[in-house]
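Dropping my_file_29.txt in here (compact mmCIF, C-alpha atoms):
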# COMPACT_ATOMS: atom_id res chain seq x y z
CA MET A 8 55.08 -5.93 -19.28
CA THR A 9 52.74 -3.26 -17.99
CA ILE A 10 48.97 -3.16 -17.93
CA ASN A 11 46.78 -0.11 -17.64
CA ARG A 12 43.95 0.45 -15.19
CA ASN A 13 41.20 -0.66 -17.62
CA GLU A 14 43.01 -3.90 -18.49
CA ALA A 15 43.54 -4.63 -14.79
CA GLY A 16 39.83 -4.02 -14.14
CA ALA A 17 38.82 -6.35 -16.97
CA MET A 18 41.18 -9.07 -15.71
CA LEU A 19 39.80 -8.78 -12.19
CA ALA A 20 36.27 -9.04 -13.59
CA ASP A 21 37.33 -12.20 -15.47
CA VAL A 22 38.70 -13.67 -12.24
CA ASP A 23 35.45 -12.81 -10.44
CA ALA A 24 33.41 -14.48 -13.20
CA ILE A 25 35.55 -17.63 -13.06
CA VAL A 26 35.27 -17.79 -9.25
CA ALA A 27 31.48 -17.44 -9.53
CA ARG A 28 31.34 -20.23 -12.14
CA VAL A 29 33.47 -22.55 -10.02
CA LYS A 30 31.23 -21.89 -7.01
CA GLN A 31 28.13 -22.57 -9.13
CA SER A 32 29.68 -25.74 -10.54
CA ARG A 33 30.46 -27.02 -7.02
CA LEU A 34 26.92 -26.19 -5.89
CA TYR A 35 25.51 -27.96 -8.99
CA ARG A 36 27.61 -31.04 -8.19
CA ARG A 37 26.33 -31.15 -4.63
CA ILE A 38 22.67 -30.55 -5.64
CA GLY A 39 23.16 -33.10 -8.45
CA GLU A 40 24.16 -35.74 -5.88
CA VAL A 41 21.08 -34.95 -3.78
CA THR A 42 18.87 -35.09 -6.90
CA ILE A 43 20.28 -38.54 -7.84
CA LEU A 44 19.70 -39.72 -4.28
CA TRP A 45 16.05 -38.61 -4.38
CA GLY A 46 15.62 -40.16 -7.82
CA VAL A 47 16.69 -43.53 -6.36
CA VAL A 48 14.45 -43.00 -3.29
CA ILE A 49 11.48 -42.19 -5.57
CA VAL A 50 12.09 -45.26 -7.78
CA CYS A 51 12.29 -47.48 -4.66
CA GLY A 52 9.17 -45.85 -3.13
CA HIS A 53 7.10 -46.47 -6.27
CA LEU A 54 8.40 -50.03 -6.69
CA LEU A 55 7.53 -50.75 -3.03
CA SER A 56 4.04 -49.32 -3.65
CA VAL A 57 3.64 -51.69 -6.62
CA ALA A 58 4.96 -54.73 -4.72
CA ALA A 59 3.30 -54.20 -1.32
CA ALA A 60 -0.40 -54.18 -0.50
CA PRO A 61 -2.04 -50.76 -1.10
CA ARG A 62 -2.74 -50.31 2.63
CA TRP A 63 1.02 -50.27 3.26
CA SER A 64 1.60 -47.54 0.65
CA PRO A 65 1.60 -44.57 3.09
CA TRP A 66 4.11 -46.43 5.29
CA ASP A 67 6.33 -47.25 2.28
CA TRP A 68 6.50 -43.57 1.46
CA ARG A 69 7.10 -42.50 5.05
CA ALA A 70 10.01 -44.92 5.28
CA ALA A 71 11.37 -43.77 1.89
CA ASP A 72 11.05 -40.09 2.88
CA VAL A 73 12.78 -40.61 6.24
CA PHE A 74 15.61 -42.48 4.53
CA GLY A 75 15.87 -39.72 1.89
CA VAL A 76 15.98 -36.92 4.47
CA VAL A 77 18.64 -38.67 6.60
CA ALA A 78 20.77 -39.49 3.53
CA THR A 79 20.40 -35.88 2.28
CA ILE A 80 21.59 -34.49 5.63
CA VAL A 81 24.59 -36.85 5.55
CA LEU A 82 25.44 -35.86 1.95
CA VAL A 83 25.11 -32.14 2.59
CA ALA A 84 27.05 -32.27 5.88
CA ARG A 85 29.84 -34.33 4.29
CA GLY A 86 30.12 -31.85 1.42
CA ARG A 87 30.23 -28.87 3.75
CA TRP A 88 32.94 -30.30 5.94
CA SER A 89 35.13 -31.63 3.16
CA GLN A 90 34.93 -28.67 0.76
CA GLY A 91 33.93 -25.69 2.87
CA LEU A 92 30.79 -25.41 0.72
CA ARG A 93 27.86 -23.48 2.15
CA ILE A 94 24.33 -24.32 1.13
CA PRO A 95 22.59 -20.93 0.85
CA LEU A 96 19.91 -20.34 3.48
CA ARG A 97 17.57 -19.25 0.70
CA VAL A 98 17.72 -22.71 -0.88
CA LEU A 99 16.79 -24.31 2.46
CA ALA A 100 13.99 -21.75 2.93
CA ILE A 101 12.62 -22.55 -0.53
CA PHE A 102 12.60 -26.28 0.27
CA ALA A 103 10.75 -25.50 3.52
CA LEU A 104 8.17 -23.37 1.68
CA PHE A 105 7.54 -26.03 -0.98
CA PHE A 106 7.26 -28.71 1.71
CA GLY A 107 4.89 -26.53 3.75
CA PHE A 108 2.64 -25.79 0.78
CA GLY A 109 2.66 -29.45 -0.28
CA LEU A 110 1.81 -30.64 3.21
CA LEU A 111 -0.98 -28.05 3.55
CA TRP A 112 -2.73 -29.34 0.43
CA SER A 113 -1.86 -33.03 0.44
CA ALA A 114 -2.49 -33.70 4.14
CA LEU A 115 -4.89 -31.01 5.31
CA LEU A 116 -7.04 -29.22 2.74
CA GLY A 117 -6.99 -31.19 -0.53
CA ARG A 118 -9.29 -34.17 -0.86
CA PHE A 119 -6.75 -36.24 -2.74
CA GLY A 120 -7.16 -39.93 -3.47
CA PRO A 121 -4.08 -42.20 -3.73
CA ARG A 122 -3.70 -41.47 -7.47
CA GLU A 123 -3.87 -37.71 -6.92
CA LEU A 124 -1.36 -37.93 -4.06
CA ASP A 125 1.01 -39.88 -6.33
CA ALA A 126 0.79 -37.08 -8.89
CA PHE A 127 0.70 -34.06 -6.54
CA TRP A 128 4.16 -34.19 -4.97
CA PRO A 129 6.11 -34.79 -8.21
CA THR A 130 4.22 -32.06 -10.08
CA LEU A 131 4.81 -29.64 -7.17
CA VAL A 132 8.56 -30.36 -7.12
CA LEU A 133 8.76 -30.18 -10.92
CA PHE A 134 6.84 -26.88 -10.82
CA GLY A 135 9.70 -25.69 -8.61
CA TYR A 136 12.20 -26.97 -11.17
CA ALA A 137 10.41 -25.08 -13.96
CA LEU A 138 10.43 -21.89 -11.87
CA ALA A 139 14.12 -22.31 -11.02
CA GLY A 140 14.82 -22.87 -14.71
CA LEU A 141 13.73 -19.30 -15.48
CA TRP A 142 16.78 -18.08 -13.55
CA LEU A 143 19.21 -21.02 -13.43
CA GLY A 144 19.05 -22.42 -16.94
CA ALA A 145 16.71 -23.82 -19.56
CA VAL A 146 17.54 -27.45 -18.69
CA PHE A 147 15.72 -27.15 -15.35
CA ALA A 148 12.67 -25.60 -17.02
CA ALA A 149 12.67 -28.27 -19.76
CA LEU A 150 12.89 -31.03 -17.14
CA GLY A 151 10.15 -29.50 -15.03
CA LEU A 152 7.74 -29.03 -17.92
CA GLY A 153 8.65 -32.24 -19.82
CA LEU A 154 8.37 -34.55 -16.81
CA SER A 155 5.17 -32.81 -15.62
CA ALA A 156 3.61 -33.44 -19.04
CA LEU A 157 4.63 -37.12 -18.83
CA ILE A 158 3.13 -37.39 -15.31
CA VAL A 159 -0.13 -35.82 -16.54
CA ALA A 160 -0.18 -38.32 -19.44
CA GLY A 161 0.46 -41.19 -17.01
CA TYR A 162 -2.30 -39.98 -14.67
CA PHE A 163 -4.84 -40.15 -17.48
CA TRP A 164 -3.70 -43.14 -19.53
CA SER A 165 -1.43 -45.48 -17.53
CA GLY A 166 -4.30 -47.15 -15.63
CA GLU A 167 -3.04 -49.62 -13.04
CA TRP A 168 0.56 -49.06 -14.12
CA PHE A 169 0.72 -45.50 -12.78
CA ASN A 170 3.21 -46.29 -10.00
CA LEU A 171 5.52 -48.07 -12.42
CA TRP A 172 5.18 -45.17 -14.85
CA LEU A 173 6.12 -42.72 -12.07
CA ALA A 174 9.10 -44.88 -11.03
CA VAL A 175 10.48 -44.56 -14.57
CA VAL A 176 9.42 -41.01 -15.44
CA ASN A 177 9.76 -39.27 -12.08
CA GLY A 178 12.55 -41.28 -10.41
CA GLY A 179 14.43 -41.82 -13.68
CA GLY A 180 14.00 -38.16 -14.61
CA PHE A 181 15.51 -37.04 -11.30
CA ILE A 182 18.49 -39.38 -11.76
CA LEU A 183 19.12 -38.10 -15.30
CA CYS A 184 18.82 -34.50 -14.10
CA GLY A 185 21.27 -35.18 -11.25
CA LEU A 186 23.77 -36.76 -13.65
CA TRP A 187 23.51 -33.76 -15.95
CA MET A 188 24.03 -31.35 -13.03
CA ARG A 189 27.16 -33.21 -11.93
CA ARG A 190 28.63 -32.70 -15.40
CA ALA A 191 27.62 -29.01 -15.67
CA MET B 23 40.97 17.23 -0.01
CA THR B 24 42.27 13.66 -0.18
CA ILE B 25 40.61 10.46 0.94
CA SER B 26 42.22 7.16 1.80
CA PRO B 27 41.44 3.92 -0.12
CA ASN B 28 39.47 2.66 2.90
CA GLU B 29 37.32 5.81 3.01
CA ALA B 30 36.74 5.57 -0.76
CA GLY B 31 35.67 1.94 -0.35
CA ALA B 32 33.26 2.86 2.43
CA ILE B 33 31.75 5.71 0.37
CA LEU B 34 31.29 3.39 -2.65
CA ALA B 35 29.64 0.76 -0.42
CA GLU B 36 27.27 3.45 0.89
CA VAL B 37 26.41 4.50 -2.68
CA ASP B 38 25.73 0.84 -3.57
CA SER B 39 23.49 0.49 -0.53
CA ILE B 40 21.51 3.65 -1.45
CA VAL B 41 21.10 2.43 -5.07
CA ALA B 42 19.80 -0.93 -3.77
CA LYS B 43 17.35 0.86 -1.43
CA VAL B 44 16.05 3.10 -4.24
CA LYS B 45 15.55 0.06 -6.49
CA GLN B 46 13.67 -1.76 -3.72
CA SER B 47 11.58 1.33 -3.02
CA ARG B 48 10.56 1.58 -6.73
CA ARG B 49 9.78 -2.14 -6.78
CA TYR B 50 7.68 -1.76 -3.61
CA ARG B 51 5.80 1.25 -5.09
CA LEU B 52 4.88 -0.58 -8.30
CA THR B 53 3.97 -3.81 -6.49
CA GLY B 54 2.11 -1.83 -3.83
CA GLY B 55 -0.16 -0.28 -6.47
CA LEU B 56 -0.87 -3.70 -7.98
CA LEU B 57 -1.59 -5.15 -4.53
CA ILE B 58 -4.11 -2.41 -3.75
CA LEU B 59 -5.81 -3.02 -7.11
CA TRP B 60 -6.00 -6.82 -6.64
CA GLY B 61 -6.97 -6.46 -2.98
CA ALA B 62 -9.99 -4.32 -3.96
CA ILE B 63 -10.96 -6.77 -6.74
CA VAL B 64 -10.58 -9.84 -4.48
CA ALA B 65 -12.58 -8.20 -1.66
CA ALA B 66 -15.39 -7.24 -4.09
CA ALA B 67 -15.46 -10.73 -5.68
CA ASP B 68 -15.52 -12.47 -2.30
CA LEU B 69 -18.37 -10.21 -1.15
CA ILE B 70 -20.37 -11.01 -4.31
CA CYS B 71 -19.71 -14.74 -3.78
CA PHE B 72 -20.90 -14.41 -0.17
CA LEU B 73 -24.14 -12.71 -1.24
CA TRP B 74 -24.80 -14.78 -4.41
CA PRO B 75 -22.93 -18.08 -4.13
CA ARG B 76 -24.41 -19.34 -7.42
CA ALA B 77 -22.69 -16.55 -9.35
CA SER B 78 -19.24 -17.42 -7.97
CA VAL B 79 -17.76 -18.96 -11.15
CA TRP B 80 -18.66 -16.01 -13.38
CA THR B 81 -17.77 -13.54 -10.65
CA TRP B 82 -14.21 -14.88 -10.53
CA VAL B 83 -13.91 -15.04 -14.34
CA ALA B 84 -14.99 -11.38 -14.55
CA ALA B 85 -12.83 -10.34 -11.58
CA ASN B 86 -9.71 -11.96 -13.06
CA ALA B 87 -10.32 -10.41 -16.49
CA LEU B 88 -10.84 -6.97 -14.92
CA GLY B 89 -7.78 -7.38 -12.72
CA ALA B 90 -5.55 -8.50 -15.61
CA ALA B 91 -6.68 -5.59 -17.83
CA ALA B 92 -6.25 -3.03 -15.02
CA SER B 93 -2.83 -4.46 -14.07
CA PHE B 94 -1.69 -4.21 -17.69
CA ALA B 95 -2.89 -0.59 -17.91
CA MET B 96 -1.23 0.27 -14.60
CA PHE B 97 1.98 -1.47 -15.61
CA ARG B 98 2.20 0.38 -18.94
CA GLY B 99 1.23 3.81 -17.64
CA GLY B 100 2.88 4.09 -14.22
CA PRO B 101 5.97 6.16 -13.40
CA ASP B 102 7.74 3.28 -11.63
CA VAL B 103 7.62 0.94 -14.60
CA PRO B 104 10.85 -0.93 -15.46
CA ARG B 105 12.22 -0.18 -18.94
CA ARG B 106 12.26 -3.79 -20.10
CA ILE B 107 9.34 -6.20 -19.99
CA PRO B 108 10.09 -8.62 -17.13
CA TRP B 109 9.62 -11.82 -19.18
CA ARG B 110 10.89 -14.05 -16.40
CA PHE B 111 8.26 -12.77 -13.99
CA LEU B 112 5.52 -13.12 -16.60
CA ALA B 113 6.69 -16.70 -17.27
CA ALA B 114 6.75 -17.42 -13.52
CA PHE B 115 3.20 -16.03 -13.24
CA ALA B 116 2.12 -18.27 -16.17
CA LEU B 117 3.66 -21.29 -14.40
CA PHE B 118 1.73 -20.49 -11.21
CA VAL B 119 -1.53 -20.20 -13.20
CA ALA B 120 -0.80 -23.49 -15.05
CA PHE B 121 -0.03 -25.34 -11.82
CA GLY B 122 -3.15 -23.88 -10.21
CA LEU B 123 -5.35 -24.89 -13.16
CA LEU B 124 -3.85 -28.39 -13.22
CA TRP B 125 -4.84 -28.96 -9.60
CA SER B 126 -8.00 -26.89 -9.24
CA VAL B 127 -9.66 -27.91 -12.53
CA GLY B 128 -7.70 -31.01 -13.61
CA PHE B 129 -6.68 -33.44 -10.88
CA GLY B 130 -7.93 -31.98 -7.61
CA ARG B 131 -11.37 -32.92 -6.37
CA PHE B 132 -11.87 -29.49 -4.88
CA GLY B 133 -15.20 -28.31 -3.57
CA PRO B 134 -16.08 -24.58 -3.57
CA ARG B 135 -14.48 -24.12 -0.12
CA GLU B 136 -11.18 -25.70 -1.23
CA LEU B 137 -11.19 -23.64 -4.44
CA ASP B 138 -11.70 -20.46 -2.40
CA ALA B 139 -8.64 -21.32 -0.31
CA PHE B 140 -6.44 -22.87 -3.01
CA TRP B 141 -5.83 -19.90 -5.32
CA PRO B 142 -4.97 -17.35 -2.60
CA THR B 143 -2.62 -19.78 -0.82
CA LEU B 144 -0.95 -20.65 -4.15
CA PHE B 145 -0.21 -17.01 -4.98
CA LEU B 146 0.77 -16.20 -1.40
CA PHE B 147 3.18 -19.15 -1.58
CA GLY B 148 4.70 -17.35 -4.59
CA TYR B 149 4.88 -14.15 -2.55
CA ALA B 150 6.72 -15.95 0.23
CA ILE B 151 9.26 -17.31 -2.29
CA ALA B 152 9.67 -13.85 -3.86
CA GLY B 153 10.26 -12.45 -0.39
CA LEU B 154 13.49 -14.44 -0.14
CA TRP B 155 14.93 -12.14 -2.81
CA PHE B 156 12.85 -8.97 -2.93
CA GLY B 157 12.32 -8.06 0.70
CA ALA B 158 10.88 -9.41 3.92
CA ALA B 159 7.56 -7.63 3.32
CA PHE B 160 6.63 -10.12 0.59
CA ALA B 161 7.52 -13.12 2.75
CA ALA B 162 5.65 -11.73 5.77
CA LEU B 163 2.60 -11.05 3.60
CA GLY B 164 2.67 -14.56 2.10
CA LEU B 165 3.07 -16.44 5.36
CA THR B 166 0.75 -14.34 7.54
CA LEU B 167 -2.15 -14.21 5.09
CA SER B 168 -1.77 -17.95 4.34
CA ALA B 169 -2.04 -18.70 8.06
CA LEU B 170 -5.15 -16.49 8.34
CA ILE B 171 -6.74 -18.16 5.29
CA LEU B 172 -6.05 -21.58 6.80
CA ALA B 173 -7.64 -20.46 10.09
CA GLY B 174 -10.68 -19.21 8.17
CA TYR B 175 -10.96 -22.45 6.20
CA LEU B 176 -11.00 -24.47 9.41
CA TRP B 177 -13.11 -22.27 11.69
CA SER B 178 -15.10 -19.61 9.80
CA GLY B 179 -17.93 -21.96 8.77
CA GLU B 180 -20.42 -20.28 6.42
CA TRP B 181 -18.58 -17.00 6.69
CA LEU B 182 -15.49 -18.07 4.72
CA ASN B 183 -16.12 -15.71 1.78
CA LEU B 184 -16.61 -12.78 4.12
CA TRP B 185 -13.47 -13.80 6.02
CA LEU B 186 -11.54 -13.98 2.75
CA ALA B 187 -12.86 -10.57 1.65
CA ALA B 188 -11.48 -9.07 4.87
CA VAL B 189 -8.29 -11.11 5.27
CA ASN B 190 -7.22 -11.70 1.69
CA GLY B 191 -8.63 -8.60 -0.03
CA GLY B 192 -8.16 -6.31 2.97
CA GLY B 193 -4.72 -7.76 3.69
CA PHE B 194 -3.59 -7.06 0.12
CA VAL B 195 -4.86 -3.47 0.29
CA LEU B 196 -3.15 -2.83 3.65
CA CYS B 197 0.12 -4.37 2.48
CA GLY B 198 -0.06 -2.38 -0.75
CA LEU B 199 -0.52 0.87 1.20
CA TRP B 200 2.39 -0.02 3.48
CA MET B 201 4.64 -0.94 0.53
CA ARG B 202 3.93 2.36 -1.23
CA ARG B 203 5.10 4.20 1.88
CA ALA B 204 8.21 2.02 2.40
Starting from the coordinates I provided, produce the structure as structure tokens.
Amino acid sequence: MTINRNEAGAMLADVDAIVARVKQSRLYRRIGEVTILWGVVIVCGHLLSVAAAPRWSPWDWRAADVFGVVATIVLVARGRWSQGLRIPLRVLAIFALFFGFGLLWSALLGRFGPRELDAFWPTLVLFGYALAGLWLGAVFAALGLGLSALIVAGYFWSGEWFNLWLAVVNGGGFILCGLWMRRA
Amino acid sequence: MTISPNEAGAILAEVDSIVAKVKQSRRYRLTGGLLILWGAIVAAADLICFLWPRASVWTWVAANALGAAASFAMFRGGPDVPRRIPWRFLAAFALFVAFGLLWSVGFGRFGPRELDAFWPTLFLFGYAIAGLWFGAAFAALGLTLSALILAGYLWSGEWLNLWLAAVNGGGFVLCGLWMRRA
């Protein structure tokens, strides 16, 4: 069996495409795990805010965030060492930029009350999801826009149940998204 | 004349690098023109707001309408225009505007000073993200001007609008001029 130059080129292109898809799938799996982790952290954070006195709410979230960051580092490091997977520097830089912008407005310049703070961070992260969806796939955009709309609805109409609403919509949404990414 | 496979590979890599540089240069030229336009509009609007604070809402409505119309005209008529309409970038721009409206008009309890700082830092945040793909100039512009706006918010007192006219408007014009030369 012989193949000509064009056929060989096409086959090599196929191999390249498959390699790229496998890499993307592995990255999706890893990001999916991190997304599920943060979904659980968010659910726990909101449930703690409901259960504990309001004055403890900032400390609940600080504890939840510290736990989330440490668990994320462990997950990412484990994945890198076991599979030789590299998290692109750009992804880390994007996280840093989102965190910096969020911190600037939630802690320094914005005059947010507790209800606004509860809504700000999820809508900022979901805004990032919607943006990423323009390049990475419609599911991200749908999640970003759909969950943001539900958070806006909860902000206006959930009254005292806002934290519980966010635990379901925001935390649950992240877990569902992570599960979908692990299957992609 | 014959060339070895290694030499051929090196020549092809050089061609790829030149093509990438030309693409970036065209992107910088188009964006540079838009930056100069928006820098001039932002500087003028901030100056008007400094002189007549009561007219600030209508000043910004008019400035944004003028800027959008002029950007559209520039985009359609310029020599560096891409052949296809960049729908993704338009959608990304729409998402930035929607997020900004949600927080500046909807949820946020922003006073005039916060509003003056919010919109530029939001768009400069977008520039910094874009810089991760399209060139360090965007990222440098986003981060540096954001830091200067933050400094102005904290320390410029009554002169914030004048500070923004110089830093935000002037910064955009300077960056636009630099990008057109790059």
Quiz item: Could you name the residues that touch Gly120 of chain A at 10 Å or less, counting only C-alpha atoms, but leaving out those on the same chain fewer than 3 positions away, as number ranges by chain?
Solution: A: 113, 117, 123-125; B: 129-131
Atoms to include: C-alpha atoms. Write the selected residues as a tab-separated table (two decimals), keeping the file's coordinate frame.
chain	number	residue	atom	x	y	z
A	113	SER	CA	-1.86	-33.03	0.44
A	117	GLY	CA	-6.99	-31.19	-0.53
A	123	GLU	CA	-3.87	-37.71	-6.92
A	124	LEU	CA	-1.36	-37.93	-4.06
A	125	ASP	CA	1.01	-39.88	-6.33
B	129	PHE	CA	-6.68	-33.44	-10.88
B	130	GLY	CA	-7.93	-31.98	-7.61
B	131	ARG	CA	-11.37	-32.92	-6.37
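Nearest residue to chain A, choosing from B:Ala150, B:Leu123, B:Leu184, B:Val189 and counting all atoms listed in the file: B:Ala150.
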Per residue of chain B within 9 Å of chain A, note the shortest atom pair and the distance in Å to one decimal, counting all atoms listed in the file, and order the rows by chain and increasing residue number, as a tab-separated table.
residue	atom	partner	partner_atom	distance
B:Arg110	CA	A:Leu141	CA	6.0
B:Phe111	CA	A:Leu141	CA	8.6
B:Ala113	CA	A:Leu141	CA	7.7
B:Ala114	CA	A:Leu138	CA	6.0
B:Leu117	CA	A:Leu138	CA	7.3
B:Phe118	CA	A:Phe134	CA	8.2
B:Phe121	CA	A:Phe134	CA	7.1
B:Leu124	CA	A:Val159	CA	8.9
B:Trp125	CA	A:Phe127	CA	8.1
B:Phe129	CA	A:Glu123	CA	6.5
B:Gly130	CA	A:Phe119	CA	6.6
B:Arg131	CA	A:Arg118	CA	6.0
B:Phe132	CA	A:Arg118	CA	6.7
B:Gly133	CA	A:Arg118	CA	8.8
B:Glu136	CA	A:Leu116	CA	6.7
B:Ala139	CA	A:Leu116	CA	8.6
B:Phe140	CA	A:Trp112	CA	8.2
B:Thr143	CA	A:Phe108	CA	8.1
B:Leu144	CA	A:Phe108	CA	8.0
B:Phe147	CA	A:Phe108	CA	7.1
B:Ala150	CA	A:Leu104	CA	7.7
B:Ile151	CA	A:Ile101	CA	6.5
B:Leu154	CA	A:Arg97	CA	6.4
B:Trp155	CA	A:Arg97	CA	8.4
B:Leu172	CA	A:Leu116	CA	8.7
B:Tyr175	CA	A:Leu116	CA	8.6
Quiz item: Rounded to one decimal in Å, what is the spacing between atom CA of Ala187 of chain B and atom CA of Ala62 of chain B?
Solution: 8.9 Å
Quiz item: Expressed in Å to a single decimal, how great is the separation between atom CA of Phe94 of chain B and atom CA of Pro142 of chain B?
Solution: 20.3 Å
Practice problem: Counting all atoms listed in the file, figure out which residue out of B:Ser93, B:Val119, B:Glu29, B:Asp138 gets nearest to Gly174 of chain B. | Solution: B:Asp138
Exercise. Anything within 6 Å of (15.9, -39.4, -0.9): list those residues as an NGL selection string, counting only C-alpha atoms and sticking to the file's coordinates.
Key: :A and (44-45 or 48 or 75-76)
Since we have the selection now, will you write its residues out, keeping C-alpha atoms, as a CSV table (one decimal), keeping the file's coordinate frame?
chain,number,residue,atom,x,y,z
A,44,LEU,CA,19.7,-39.7,-4.3
A,45,TRP,CA,16.0,-38.6,-4.4
A,48,VAL,CA,14.4,-43.0,-3.3
A,75,GLY,CA,15.9,-39.7,1.9
A,76,VAL,CA,16.0,-36.9,4.5
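The spacing separating atom CA of Met188 of chain A from atom CA of Tyr35 of chain A amounts to 5.5 Å.
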Self-check item: Spatial neighbours of Ile63 of chain B, max dist 10 Å, all atoms listed in the file, sep filter under 5 positions, as number ranges by chain
Solution: B: 57-58, 68-69, 82, 84-86, 88-89, 187, 191, 195
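Proximity to Ser178 of chain B was assessed for B:Arg135, B:Gly31, B:Val127, B:Gly153 counting only C-alpha atoms; the smallest distance is recorded for B:Arg135.
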